[in-house]
Amino acid sequence: MDALRLAFPKGCQVRLSAMGKLVARHRRELRSGQVTGYGHDDGTVLVLWTGYGYSQRWHRDYVERV
């Protein structure tokens, strides 16, 4: 969990990685978001996407820092 927090600290800007774009199916390809927290398991981050009102969980392989 500490490695995830170092890689994606709260407040950092993220976007979808190439693998994330395949999973999202063009819904958020050009959007960026902000990390607001972490999931209960070790591999997920909570992201508040620009234009959305709530955070969503995404696996760390699906997002990358901007």
# chains A, B, ... in the order shown; residues from 1 in each chain; ligands from 1
>>> residues_around(residues="range 10-13 of chain A", least_positions_apart="3", cutoff="7 Å", atoms="only C-alpha atoms", output="JSON, numbers by chain")
{"A": [32, 33, 34, 35, 36, 37, 65, 66]}
>>> write_last_selection(atoms="N, CA and C atoms", output="PDB file, in the first residue's frame")
ATOM      1  N   SER A  32      -8.948  14.178 -17.512  1.00  0.00           N
ATOM      2  CA  SER A  32      -7.974  13.984 -16.449  1.00  0.00           C
ATOM      3  C   SER A  32      -8.750  13.973 -15.137  1.00  0.00           C
ATOM      4  N   GLY A  33      -8.108  13.525 -14.105  1.00  0.00           N
ATOM      5  CA  GLY A  33      -8.763  13.451 -12.808  1.00  0.00           C
ATOM      6  C   GLY A  33      -7.775  13.652 -11.687  1.00  0.00           C
ATOM      7  N   GLN A  34      -8.296  13.664 -10.479  1.00  0.00           N
ATOM      8  CA  GLN A  34      -7.478  13.885  -9.297  1.00  0.00           C
ATOM      9  C   GLN A  34      -7.661  12.713  -8.341  1.00  0.00           C
ATOM     10  N   VAL A  35      -6.547  12.219  -7.791  1.00  0.00           N
ATOM     11  CA  VAL A  35      -6.610  11.129  -6.823  1.00  0.00           C
ATOM     12  C   VAL A  35      -7.163  11.678  -5.512  1.00  0.00           C
ATOM     13  N   THR A  36      -8.230  11.054  -5.014  1.00  0.00           N
ATOM     14  CA  THR A  36      -8.855  11.507  -3.772  1.00  0.00           C
ATOM     15  C   THR A  36      -8.671  10.521  -2.627  1.00  0.00           C
ATOM     16  N   GLY A  37      -8.227   9.297  -2.933  1.00  0.00           N
ATOM     17  CA  GLY A  37      -8.045   8.304  -1.881  1.00  0.00           C
ATOM     18  C   GLY A  37      -7.646   6.966  -2.458  1.00  0.00           C
ATOM     19  N   ARG A  65       0.137   9.017 -13.993  1.00  0.00           N
ATOM     20  CA  ARG A  65       0.269  10.411 -13.567  1.00  0.00           C
ATOM     21  C   ARG A  65       0.501  11.301 -14.775  1.00  0.00           C
ATOM     22  N   VAL A  66      -0.022  12.507 -14.685  1.00  0.00           N
ATOM     23  CA  VAL A  66       0.146  13.506 -15.755  1.00  0.00           C
ATOM     24  C   VAL A  66       1.384  14.310 -15.481  1.00  0.00           C
TER      25      VAL A  66
END
>>> residues_around(residues="Glu64 in chain A", least_positions_apart="4", cutoff="6 Å", atoms="only C-alpha atoms", output="PyMOL selection string")
chain A and resi 14-15+17
>>> write_last_selection(atoms="all heavy atoms", output="compact mmCIF listing (two decimals), in the first residue's frame")
# COMPACT_ATOMS: atom_id res chain seq x y z
N VAL A 14 -4.15 12.56 -12.74
CA VAL A 14 -3.98 11.31 -13.48
C VAL A 14 -4.83 11.33 -14.74
O VAL A 14 -5.73 12.15 -14.89
CB VAL A 14 -4.37 10.07 -12.62
CG1 VAL A 14 -3.44 9.91 -11.45
CG2 VAL A 14 -5.80 10.15 -12.16
N ARG A 15 -4.50 10.44 -15.65
CA ARG A 15 -5.30 10.20 -16.84
C ARG A 15 -5.28 8.70 -17.09
O ARG A 15 -4.53 7.96 -16.46
CB ARG A 15 -4.75 10.96 -18.04
CG ARG A 15 -3.37 10.51 -18.44
CD ARG A 15 -2.87 11.24 -19.64
NE ARG A 15 -1.50 10.79 -19.90
CZ ARG A 15 -0.60 11.50 -20.52
NH1 ARG A 15 -0.89 12.70 -20.95
NH2 ARG A 15 0.60 11.02 -20.72
N SER A 17 -4.33 5.23 -18.72
CA SER A 17 -3.21 4.64 -19.44
C SER A 17 -3.76 3.95 -20.69
O SER A 17 -4.97 3.92 -20.92
CB SER A 17 -2.49 3.63 -18.56
OG SER A 17 -3.34 2.53 -18.27
>>> closest_residue(among="A:Tyr38, A:Val47, A:Arg57, A:Tyr52", to="Arg5 in chain A", atoms="only C-alpha atoms")
A:Tyr38
>>> select_by_dssp(residues="chain A", states="strand (DSSP E)", output="list in words")
Gln13, Val14, Arg15, Leu16, Ser32, Gly33, Gln34, Val35, Thr36, Gly37, Tyr38, Thr44, Val45, Leu46, Val47, Leu48, Trp49, Gln56, Arg57, Trp58, His59, Val63, Glu64 and Arg65 of chain A
>>> atom_distance(atom1="CA of Asp2 in chain A", atom2="CA of Glu29 in chain A")
27.8 Å
>>> select_by_dssp(residues="chain A", states="alpha helix (DSSP H)", output="count of residues only")
13
>>> closest_residue(among="A:Arg25, A:Gly39, A:Ala3, A:Thr44", to="Val63 in chain A", atoms="only C-alpha atoms")
A:Thr44
>>> residues_around(residues="Arg27 in chain A", least_positions_apart="5", cutoff="12 Å", atoms="only C-alpha atoms", output="JSON, numbers by chain")
{"A": [16, 20, 21, 22, 32, 49]}
>>> write_last_selection(atoms="N, CA, C and O atoms", output="PDB file, in the first residue's frame")
ATOM      1  N   LEU A  16      -6.070   8.237 -18.040  1.00  0.00           N
ATOM      2  CA  LEU A  16      -6.110   6.812 -18.342  1.00  0.00           C
ATOM      3  C   LEU A  16      -4.850   6.387 -19.076  1.00  0.00           C
ATOM      4  O   LEU A  16      -4.363   7.090 -19.956  1.00  0.00           O
ATOM      5  N   GLY A  20      -6.078   1.313 -19.629  1.00  0.00           N
ATOM      6  CA  GLY A  20      -7.297   1.905 -19.095  1.00  0.00           C
ATOM      7  C   GLY A  20      -8.234   2.379 -20.192  1.00  0.00           C
ATOM      8  O   GLY A  20      -9.454   2.289 -20.066  1.00  0.00           O
ATOM      9  N   LYS A  21      -7.676   2.870 -21.289  1.00  0.00           N
ATOM     10  CA  LYS A  21      -8.510   3.312 -22.409  1.00  0.00           C
ATOM     11  C   LYS A  21      -9.262   2.146 -23.034  1.00  0.00           C
ATOM     12  O   LYS A  21     -10.393   2.296 -23.485  1.00  0.00           O
ATOM     13  N   LEU A  22      -8.637   0.984 -23.052  1.00  0.00           N
ATOM     14  CA  LEU A  22      -9.321  -0.206 -23.573  1.00  0.00           C
ATOM     15  C   LEU A  22     -10.475  -0.610 -22.670  1.00  0.00           C
ATOM     16  O   LEU A  22     -11.539  -0.998 -23.135  1.00  0.00           O
ATOM     17  N   SER A  32      -8.948  14.178 -17.512  1.00  0.00           N
ATOM     18  CA  SER A  32      -7.974  13.984 -16.449  1.00  0.00           C
ATOM     19  C   SER A  32      -8.750  13.973 -15.137  1.00  0.00           C
ATOM     20  O   SER A  32      -9.908  14.378 -15.083  1.00  0.00           O
ATOM     21  N   TRP A  49     -12.907  12.312 -11.615  1.00  0.00           N
ATOM     22  CA  TRP A  49     -12.696  12.763 -12.987  1.00  0.00           C
ATOM     23  C   TRP A  49     -13.285  14.147 -13.168  1.00  0.00           C
ATOM     24  O   TRP A  49     -14.303  14.493 -12.568  1.00  0.00           O
TER      25      TRP A  49
END
>>> closest_residue(among="A:Asp41, A:Val23, A:Leu30, A:Gln56", to="Leu4 in chain A", atoms="only C-alpha atoms")
A:Asp41
